[in-house]
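Okay, work-v1.cif is below, mmCIF, C-alpha atoms:
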data_my_file
#
loop_
_atom_site.label_atom_id
_atom_site.label_comp_id
_atom_site.auth_asym_id
_atom_site.auth_seq_id
_atom_site.Cartn_x
_atom_site.Cartn_y
_atom_site.Cartn_z
CA MET F 586 3.86 46.57 -5.57
CA ALA F 587 1.73 43.77 -6.91
CA THR F 588 -0.37 44.60 -9.94
CA ILE F 589 -3.85 43.26 -10.60
CA ASP F 590 -2.33 40.93 -13.21
CA ASP F 591 0.10 39.53 -10.60
CA MET F 592 -2.79 38.89 -8.23
CA ASP F 593 -4.80 37.22 -10.98
CA ILE F 594 -1.85 34.92 -11.76
CA ALA F 595 -1.38 34.09 -8.05
CA ALA F 596 -5.10 33.40 -7.61
CA GLY F 597 -5.14 31.26 -10.75
CA SER F 598 -2.10 29.32 -9.52
CA ALA F 599 -3.71 28.71 -6.11
CA GLU F 600 -6.93 27.54 -7.77
CA SER F 601 -4.94 25.28 -10.08
CA GLY F 602 -3.09 23.84 -7.04
CA GLU F 603 -6.38 23.19 -5.23
CA ALA F 604 -7.84 21.56 -8.36
CA ASP F 605 -4.73 19.34 -8.69
CA SER F 606 -5.02 18.35 -5.04
CA LEU F 607 -8.74 17.57 -5.40
CA LEU F 608 -8.09 15.45 -8.51
CA LEU F 609 -5.29 13.63 -6.70
CA TRP F 610 -7.51 12.70 -3.75
CA ILE F 611 -10.35 11.68 -6.08
CA LEU F 612 -7.88 9.35 -7.79
CA VAL F 613 -6.58 8.00 -4.48
CA TRP F 614 -10.10 7.34 -3.17
CA SER F 615 -11.23 5.71 -6.41
CA GLU F 616 -8.25 3.33 -6.04
CA LEU F 617 -9.03 2.63 -2.39
CA ALA F 618 -12.72 2.04 -3.20
CA ALA F 619 -11.90 -0.35 -6.07
CA PHE F 620 -9.41 -2.37 -4.04
CA GLY F 621 -11.73 -2.31 -1.03
CA ALA F 622 -14.52 -3.86 -3.09
CA LEU F 623 -12.16 -6.50 -4.54
CA LEU F 624 -10.79 -7.43 -1.12
CA ILE F 625 -14.30 -7.71 0.36
CA ALA F 626 -15.27 -9.99 -2.56
CA PHE F 627 -12.17 -12.11 -1.86
CA MET F 628 -13.02 -12.41 1.84
CA VAL F 629 -16.62 -13.38 1.07
CA MET F 630 -15.50 -16.03 -1.41
CA THR F 631 -13.02 -17.53 1.08
CA VAL F 632 -15.84 -17.88 3.64
CA VAL F 633 -18.29 -19.33 1.12
CA ASP F 634 -15.81 -21.90 -0.21
CA ILE F 635 -13.45 -22.78 2.66
CA GLU F 636 -11.99 -25.87 0.96
CA ARG F 637 -10.88 -23.96 -2.14
CA ALA F 638 -9.59 -21.15 0.07
CA ALA F 639 -7.35 -23.66 1.83
CA LEU F 640 -6.26 -25.04 -1.56
CA LEU F 641 -5.41 -21.54 -2.78
CA ARG F 642 -3.41 -20.82 0.40
CA SER F 643 -1.40 -24.02 -0.09
CA HIS F 644 -0.15 -22.64 -3.43
CA LEU F 645 0.72 -19.13 -2.21
CA HIS F 646 4.18 -18.04 -1.08
CA PRO F 647 3.92 -15.67 1.92
CA GLY F 648 7.73 -15.47 2.11
CA LEU F 649 7.95 -13.83 -1.32
CA ALA F 650 5.02 -11.57 -0.44
CA ALA F 651 6.78 -10.56 2.79
CA LEU F 652 9.88 -9.70 0.76
CA ASN F 653 7.66 -7.57 -1.45
CA THR F 654 6.28 -5.79 1.62
CA VAL F 655 9.82 -4.82 2.59
CA LEU F 656 10.55 -3.62 -0.98
CA LEU F 657 7.39 -1.50 -1.10
CA VAL F 658 8.05 -0.01 2.35
CA MET F 659 11.58 0.94 1.24
CA SER F 660 10.14 2.41 -1.94
CA GLY F 661 7.52 4.45 -0.05
CA TRP F 662 10.23 5.69 2.32
CA GLN F 663 12.28 6.96 -0.61
CA ALA F 664 9.22 8.68 -2.12
CA ALA F 665 8.49 10.36 1.22
CA LEU F 666 12.15 11.42 1.41
CA ALA F 667 11.81 13.08 -2.01
CA VAL F 668 8.82 15.12 -0.74
CA ARG F 669 10.72 16.16 2.39
CA ARG F 670 13.68 17.36 0.34
CA GLY F 671 11.42 19.94 -1.33
CA ASP F 672 13.13 21.44 -4.34
CA GLY F 673 16.51 19.93 -3.42
CA ALA F 674 18.03 16.64 -4.55
CA VAL F 675 14.88 14.65 -5.35
CA ARG F 676 16.14 12.63 -8.31
CA GLY F 677 18.03 10.06 -6.22
CA PRO F 678 15.13 9.16 -3.91
CA LEU F 679 12.65 9.09 -6.83
CA LEU F 680 14.89 6.77 -8.85
CA LEU F 681 15.38 4.50 -5.84
CA ALA F 682 11.62 4.49 -5.20
CA ALA F 683 11.04 3.43 -8.83
CA LEU F 684 13.79 0.80 -8.60
CA PHE F 685 12.26 -0.76 -5.48
CA GLY F 686 8.89 -0.71 -7.24
CA LEU F 687 10.30 -2.54 -10.26
CA LEU F 688 11.98 -5.06 -7.94
CA PHE F 689 8.56 -5.62 -6.35
CA ALA F 690 7.13 -6.32 -9.82
CA THR F 691 9.96 -8.77 -10.62
CA VAL F 692 9.44 -10.72 -7.38
CA LYS F 693 5.67 -10.77 -8.01
CA LEU F 694 6.15 -12.18 -11.52
CA VAL F 695 8.51 -14.86 -10.17
CA GLU F 696 5.87 -15.70 -7.55
CA TYR F 697 3.17 -15.95 -10.25
CA GLY F 698 5.39 -18.34 -12.24
CA VAL F 699 5.92 -20.61 -9.24
CA GLU F 700 2.22 -20.57 -8.35
CA ILE F 701 1.04 -21.33 -11.89
CA ARG F 702 3.51 -24.23 -12.22
CA SER F 703 2.34 -25.65 -8.88
CA GLY F 704 -1.26 -25.75 -10.15
CA ILE F 705 -2.96 -22.82 -8.41
CA ALA F 706 -5.67 -22.89 -11.10
CA ALA F 707 -7.20 -25.85 -9.23
CA ALA F 708 -8.63 -23.30 -6.79
CA GLY F 709 -11.01 -22.20 -9.59
CA GLY F 710 -12.73 -18.83 -9.32
CA LEU F 711 -10.83 -17.97 -6.16
CA SER F 712 -7.49 -18.23 -7.98
CA GLU F 713 -8.90 -16.00 -10.74
CA LEU F 714 -9.92 -13.43 -8.14
CA TYR F 715 -6.45 -13.71 -6.56
CA PHE F 716 -4.80 -12.94 -9.91
CA LEU F 717 -7.30 -10.12 -10.57
CA ILE F 718 -6.62 -8.39 -7.23
CA THR F 719 -2.84 -8.84 -7.11
CA GLY F 720 -2.45 -8.30 -10.87
CA PHE F 721 -4.44 -5.05 -10.73
CA HIS F 722 -2.17 -3.93 -7.90
CA LEU F 723 0.91 -5.03 -9.85
CA LEU F 724 -0.21 -2.88 -12.81
CA HIS F 725 -0.48 0.09 -10.46
CA VAL F 726 3.04 -0.55 -9.18
CA VAL F 727 4.49 -0.78 -12.70
CA PHE F 728 2.59 2.33 -13.84
CA GLY F 729 3.57 4.21 -10.67
CA ALA F 730 7.23 3.25 -11.10
CA GLY F 731 7.09 4.57 -14.68
CA VAL F 732 5.62 7.88 -13.48
CA LEU F 733 8.27 8.07 -10.73
CA LEU F 734 10.94 7.74 -13.43
CA LEU F 735 9.25 10.46 -15.51
CA VAL F 736 9.05 12.81 -12.53
CA ALA F 737 12.68 12.06 -11.65
CA TRP F 738 13.60 13.11 -15.20
CA ARG F 739 11.65 16.41 -14.99
CA PRO F 740 11.01 17.04 -11.28
CA SER F 741 8.66 19.77 -10.08
CA ARG F 742 7.39 20.18 -6.53
CA ALA F 743 3.73 19.58 -7.47
CA ASN F 744 4.53 16.43 -9.46
CA VAL F 745 6.76 14.99 -6.72
CA VAL F 746 3.99 15.47 -4.12
CA MET F 747 1.38 14.02 -6.49
CA ILE F 748 3.20 10.80 -7.41
CA ALA F 749 4.48 10.30 -3.85
CA THR F 750 0.91 10.50 -2.48
CA LEU F 751 -0.35 8.09 -5.12
CA TRP F 752 2.61 5.78 -4.41
CA HIS F 753 1.77 5.76 -0.68
CA ALA F 754 -1.84 4.82 -1.53
CA ILE F 755 -0.53 1.88 -3.61
CA ASP F 756 1.73 0.98 -0.67
CA LEU F 757 -1.23 1.18 1.74
CA VAL F 758 -3.31 -1.13 -0.47
CA TRP F 759 -0.53 -3.75 -0.39
CA LEU F 760 -0.10 -3.47 3.40
CA VAL F 761 -3.81 -4.29 3.82
CA MET F 762 -3.93 -6.85 0.99
CA PHE F 763 -0.94 -8.85 2.28
CA PRO F 764 -2.48 -10.22 5.52
CA ILE F 765 -5.95 -10.63 3.96
CA VAL F 766 -4.73 -12.67 0.98
CA TYR F 767 -1.68 -14.45 2.39
CA LEU F 768 -1.75 -14.64 6.18
CA THR F 769 -5.25 -14.91 7.65
CA MET Q 1067 14.91 18.46 7.28
CA THR Q 1068 16.00 18.95 10.91
CA ARG Q 1069 18.03 16.31 12.74
CA GLN Q 1070 15.04 15.42 14.93
CA ALA Q 1071 12.77 15.06 11.89
CA ARG Q 1072 15.38 12.89 10.15
CA GLU Q 1073 15.72 10.64 13.21
CA GLN Q 1074 11.93 10.29 13.47
CA PHE Q 1075 11.73 9.52 9.76
CA ILE Q 1076 14.33 6.75 10.11
CA ALA Q 1077 12.54 5.44 13.23
CA THR Q 1078 9.33 5.18 11.16
CA LEU Q 1079 11.13 3.09 8.55
CA ALA Q 1080 12.63 0.86 11.26
CA MET Q 1081 9.19 0.33 12.81
CA LEU Q 1082 7.63 -0.44 9.43
CA LEU Q 1083 10.32 -3.00 8.60
CA THR Q 1084 10.05 -4.59 12.06
CA LEU Q 1085 6.26 -4.82 11.75
CA ALA Q 1086 6.57 -6.25 8.22
CA ALA Q 1087 8.99 -8.96 9.36
CA GLY Q 1088 7.04 -9.61 12.57
CA GLY Q 1089 3.71 -9.82 10.76
CA ALA Q 1090 5.06 -12.27 8.20
CA LEU Q 1091 6.67 -14.40 10.91
CA VAL Q 1092 3.58 -14.53 13.15
CA GLY Q 1093 1.33 -15.10 10.12
CA GLY Q 1094 3.54 -17.94 8.87
CA LEU Q 1095 3.52 -19.66 12.25
CA SER Q 1096 -0.12 -18.93 13.15
CA GLY Q 1097 -1.53 -22.19 11.81
CA GLY Q 1098 -4.88 -20.44 11.43
CA LEU Q 1099 -5.23 -19.83 15.19
CA LEU Q 1100 -7.31 -16.82 16.10
CA VAL Q 1101 -4.93 -14.92 18.42
CA PRO Q 1102 -1.93 -14.84 16.02
CA VAL Q 1103 -4.28 -13.94 13.15
CA ALA Q 1104 -5.62 -11.03 15.21
CA ALA Q 1105 -2.04 -9.98 15.99
CA VAL Q 1106 -1.16 -10.01 12.28
CA LEU Q 1107 -4.17 -7.80 11.51
CA VAL Q 1108 -3.28 -5.34 14.28
CA MET Q 1109 0.29 -5.15 12.96
CA ALA Q 1110 -1.04 -4.53 9.45
CA PHE Q 1111 -3.13 -1.63 10.76
CA ALA Q 1112 -0.08 -0.24 12.59
CA LYS Q 1113 1.88 -0.32 9.31
CA GLY Q 1114 -0.90 1.41 7.40
CA ARG Q 1115 -1.20 4.03 10.15
CA LEU Q 1116 2.51 4.83 9.95
CA VAL Q 1117 2.31 5.20 6.16
CA ILE Q 1118 -0.71 7.54 6.44
CA LEU Q 1119 0.62 9.66 9.31
CA ASP Q 1120 4.33 9.83 8.53
CA PHE Q 1121 4.78 9.12 4.81
CA MET Q 1122 1.68 11.05 3.72
CA GLU Q 1123 2.52 13.69 6.34
CA LEU Q 1124 -0.92 13.72 7.96
CA ARG Q 1125 0.24 13.33 11.59
CA THR Q 1126 -0.50 16.96 12.49
CA SER Q 1127 -3.61 17.14 10.29
CA ARG Q 1128 -6.97 17.06 12.09
CA GLY Q 1129 -9.17 17.01 9.01
CA ILE Q 1130 -11.66 14.43 7.80
CA LEU Q 1131 -9.17 13.19 5.20
CA ARG Q 1132 -6.89 11.73 7.86
CA SER Q 1133 -9.79 10.05 9.69
CA ALA Q 1134 -11.20 8.65 6.44
CA LEU Q 1135 -7.81 7.30 5.35
CA LEU Q 1136 -7.29 5.62 8.74
CA ALA Q 1137 -10.81 4.18 8.56
CA TRP Q 1138 -10.09 2.41 5.24
CA PRO Q 1139 -7.53 -0.13 6.56
CA ALA Q 1140 -9.40 -0.34 9.89
CA ALA Q 1141 -12.64 -1.36 8.15
CA LEU Q 1142 -11.05 -3.94 5.85
CA LEU Q 1143 -8.85 -5.48 8.55
CA SER Q 1144 -11.85 -5.62 10.95
CA LEU Q 1145 -13.75 -7.52 8.25
CA ALA Q 1146 -10.78 -9.88 7.95
CA LEU Q 1147 -11.00 -10.48 11.70
CA VAL Q 1148 -14.74 -11.16 11.41
CA ARG Q 1149 -13.97 -13.62 8.61
CA ALA Q 1150 -11.37 -15.38 10.80
CA LEU Q 1151 -13.91 -15.57 13.65
CA ALA Q 1152 -16.56 -16.94 11.29
CA VAL Q 1153 -14.22 -19.60 9.93
CA THR Q 1154 -13.09 -20.59 13.45
CA PHE Q 1155 -16.50 -20.78 15.12
CA ILE Q 1156 -18.83 -21.63 12.24
CA GLY Q 1157 -16.84 -23.21 9.43
#
Show me, as structure tokens, the structure contained in the file I just sent.
Amino acid sequence: MATIDDMDIAAGSAESGEADSLLLWILVWSELAAFGALLIAFMVMTVVDIERAALLRSHLHPGLAALNTVLLVMSGWQAALAVRRGDGAVRGPLLLAALFGLLFATVKLVEYGVEIRSGIAAAGGLSELYFLITGFHLLHVVFGAGVLLLVAWRPSRANVVMIATLWHAIDLVWLVMFPIVYLT
Amino acid sequence: MTRQAREQFIATLAMLLTLAAGGALVGGLSGGLLVPVAAVLVMAFAKGRLVILDFMELRTSRGILRSALLAWPAALLSLALVRALAVTFIG
């Protein structure tokens, strides 16, 4: 029979879970709001200065960005797999998710190198905004990959769900950012 | 995970990868034309929708969270379409 102490612990645990979930979604929405504002600013600037927008586009490499889309989709798939496995073998999928994330970062840095050498700075403020948006996202990927590695080291159900949800939000941001910055 | 769930999960990945490759291909060959640009944006929304519904496991959810999450890519990609229209017809 459950004692009052047991019920207090269960109620406290449920409240803690709800608080964790609320904090997680506040974090996710703050990310989506920040990236939304940055992407709207980018779109406005490309309409205001069409010539520089065309110049910026001529320096970008959609092929490398498409490769990064595939890497991030694979990474998100592995993170989702870790959540579906529950308390089972989650280390493998989490490590693979982190690995794909770090590969994304490597490809992005290579892309930056090529773009800087080709003279993307000629696009002025628009190139700065491009580096701000994609660099901010890159920092999220690197940070997220680090947290994925930490959770893989000491996995708990709550932490796996939390980082996977955050990882999917980072994935979602890239899926929207890719056509806006590179393709349209 | 049941066999059916596993198969659906793999199908989601296959669709995401197909849309990613298709979007990049159409975007690369669009030449700034409006119809391919619109197709790229629709494919981007389809990818985001799959991530929200299947990776975030919100397919069976009917709450405001799911609608709000789906509205985020829809709003930004609609703005991108408006931008493409503005550039085509005005700029």
Tell me, in Å to one decimal, how far CA of Arg637 (chain F) is from CA of Tyr767 (chain F).
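Calculated distance between CA of Arg637 (chain F) and CA of Tyr767 (chain F) is 14.0 Å.
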Selection result of the PyMOL selection byres ((chain F) within 9 of (chain Q)) on this file, as number ranges by chain
F: 614, 617-618, 621, 624-625, 628-629, 631-632, 635, 647-648, 650-652, 654-655, 658-659, 661-662, 664-666, 669-670, 749-750, 753-754, 756-758, 760-761, 763-765, 767-769
Skipping near chain neighbours, those fewer than 3 positions away, what residues fall within 12 Å of Trp738 (chain F) using all atoms listed in the file, listed as an MDAnalysis selection string?
chainID F and resid 675:677 679:680 683 731:735 741 744:745
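CA of Ala1137 (chain Q) lies 17.7 Å from CA of Leu751 (chain F).
Interatomic distance, CA of Pro678 (chain F) against CA of Trp752 (chain F): 13.0 Å.
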Care to translate the PyMOL selection byres ((chain F and resi 708) around 9) into actual residues of this file, as number ranges by chain?
F: 636-641, 704-707, 709-713
With 4 Å on each side, where is the centre of the axis-aligned box around all listed atoms of region 1129-1135 of chain Q, and how long are its edges in Å to one decimal, as AutoDock Vina command-line options?
--center_x -9.3 --center_y 12.2 --center_z 7.4 --size_x 12.8 --size_y 17.7 --size_z 12.5
Can you fill out region 1110-1131 of chain Q with N, CA and C atoms and hand it back as a tab-separated table (two decimals), keeping the file's coordinate frame?
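Result went into part_22.tsv, see below:
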chain	number	residue	atom	x	y	z
Q	1110	ALA	N	-0.78	-5.10	10.77
Q	1110	ALA	CA	-1.04	-4.53	9.45
Q	1110	ALA	C	-1.63	-3.13	9.58
Q	1111	PHE	N	-2.55	-2.96	10.56
Q	1111	PHE	CA	-3.13	-1.63	10.76
Q	1111	PHE	C	-2.05	-0.65	11.23
Q	1112	ALA	N	-1.16	-1.11	12.11
Q	1112	ALA	CA	-0.08	-0.24	12.59
Q	1112	ALA	C	0.80	0.22	11.42
Q	1113	LYS	N	1.07	-0.69	10.49
Q	1113	LYS	CA	1.88	-0.32	9.31
Q	1113	LYS	C	1.15	0.73	8.47
Q	1114	GLY	N	-0.12	0.47	8.20
Q	1114	GLY	CA	-0.90	1.41	7.40
Q	1114	GLY	C	-0.97	2.78	8.07
Q	1115	ARG	N	-1.12	2.77	9.39
Q	1115	ARG	CA	-1.20	4.03	10.15
Q	1115	ARG	C	0.10	4.83	10.01
Q	1116	LEU	N	1.22	4.13	10.10
Q	1116	LEU	CA	2.51	4.83	9.95
Q	1116	LEU	C	2.65	5.43	8.56
Q	1117	VAL	N	2.22	4.68	7.54
Q	1117	VAL	CA	2.31	5.20	6.16
Q	1117	VAL	C	1.44	6.45	6.02
Q	1118	ILE	N	0.21	6.39	6.57
Q	1118	ILE	CA	-0.71	7.54	6.44
Q	1118	ILE	C	-0.18	8.75	7.22
Q	1119	LEU	N	0.23	8.52	8.46
Q	1119	LEU	CA	0.62	9.66	9.31
Q	1119	LEU	C	1.99	10.22	8.96
Q	1120	ASP	N	2.96	9.35	8.70
Q	1120	ASP	CA	4.33	9.83	8.53
Q	1120	ASP	C	4.76	9.96	7.07
Q	1121	PHE	N	4.39	9.00	6.22
Q	1121	PHE	CA	4.78	9.12	4.81
Q	1121	PHE	C	3.89	10.13	4.08
Q	1122	MET	N	2.59	10.09	4.37
Q	1122	MET	CA	1.68	11.05	3.72
Q	1122	MET	C	1.65	12.39	4.46
Q	1123	GLU	N	2.38	12.46	5.55
Q	1123	GLU	CA	2.52	13.69	6.34
Q	1123	GLU	C	1.18	14.22	6.85
Q	1124	LEU	N	0.38	13.31	7.43
Q	1124	LEU	CA	-0.92	13.72	7.96
Q	1124	LEU	C	-0.96	13.66	9.49
Q	1125	ARG	N	0.21	13.49	10.13
Q	1125	ARG	CA	0.24	13.33	11.59
Q	1125	ARG	C	-0.33	14.55	12.31
Q	1126	THR	N	-0.03	15.74	11.81
Q	1126	THR	CA	-0.50	16.96	12.49
Q	1126	THR	C	-1.85	17.42	11.94
Q	1127	SER	N	-2.33	16.76	10.89
Q	1127	SER	CA	-3.61	17.14	10.29
Q	1127	SER	C	-4.76	16.67	11.19
Q	1128	ARG	N	-5.82	17.46	11.28
Q	1128	ARG	CA	-6.97	17.06	12.09
Q	1128	ARG	C	-8.23	16.99	11.21
Q	1129	GLY	N	-8.04	16.97	9.92
Q	1129	GLY	CA	-9.17	17.01	9.01
Q	1129	GLY	C	-9.83	15.66	8.82
Q	1130	ILE	N	-10.90	15.65	8.05
Q	1130	ILE	CA	-11.66	14.43	7.80
Q	1130	ILE	C	-10.88	13.46	6.91
Q	1131	LEU	N	-9.96	14.03	6.10
Q	1131	LEU	CA	-9.17	13.19	5.20
Q	1131	LEU	C	-8.36	12.16	5.97
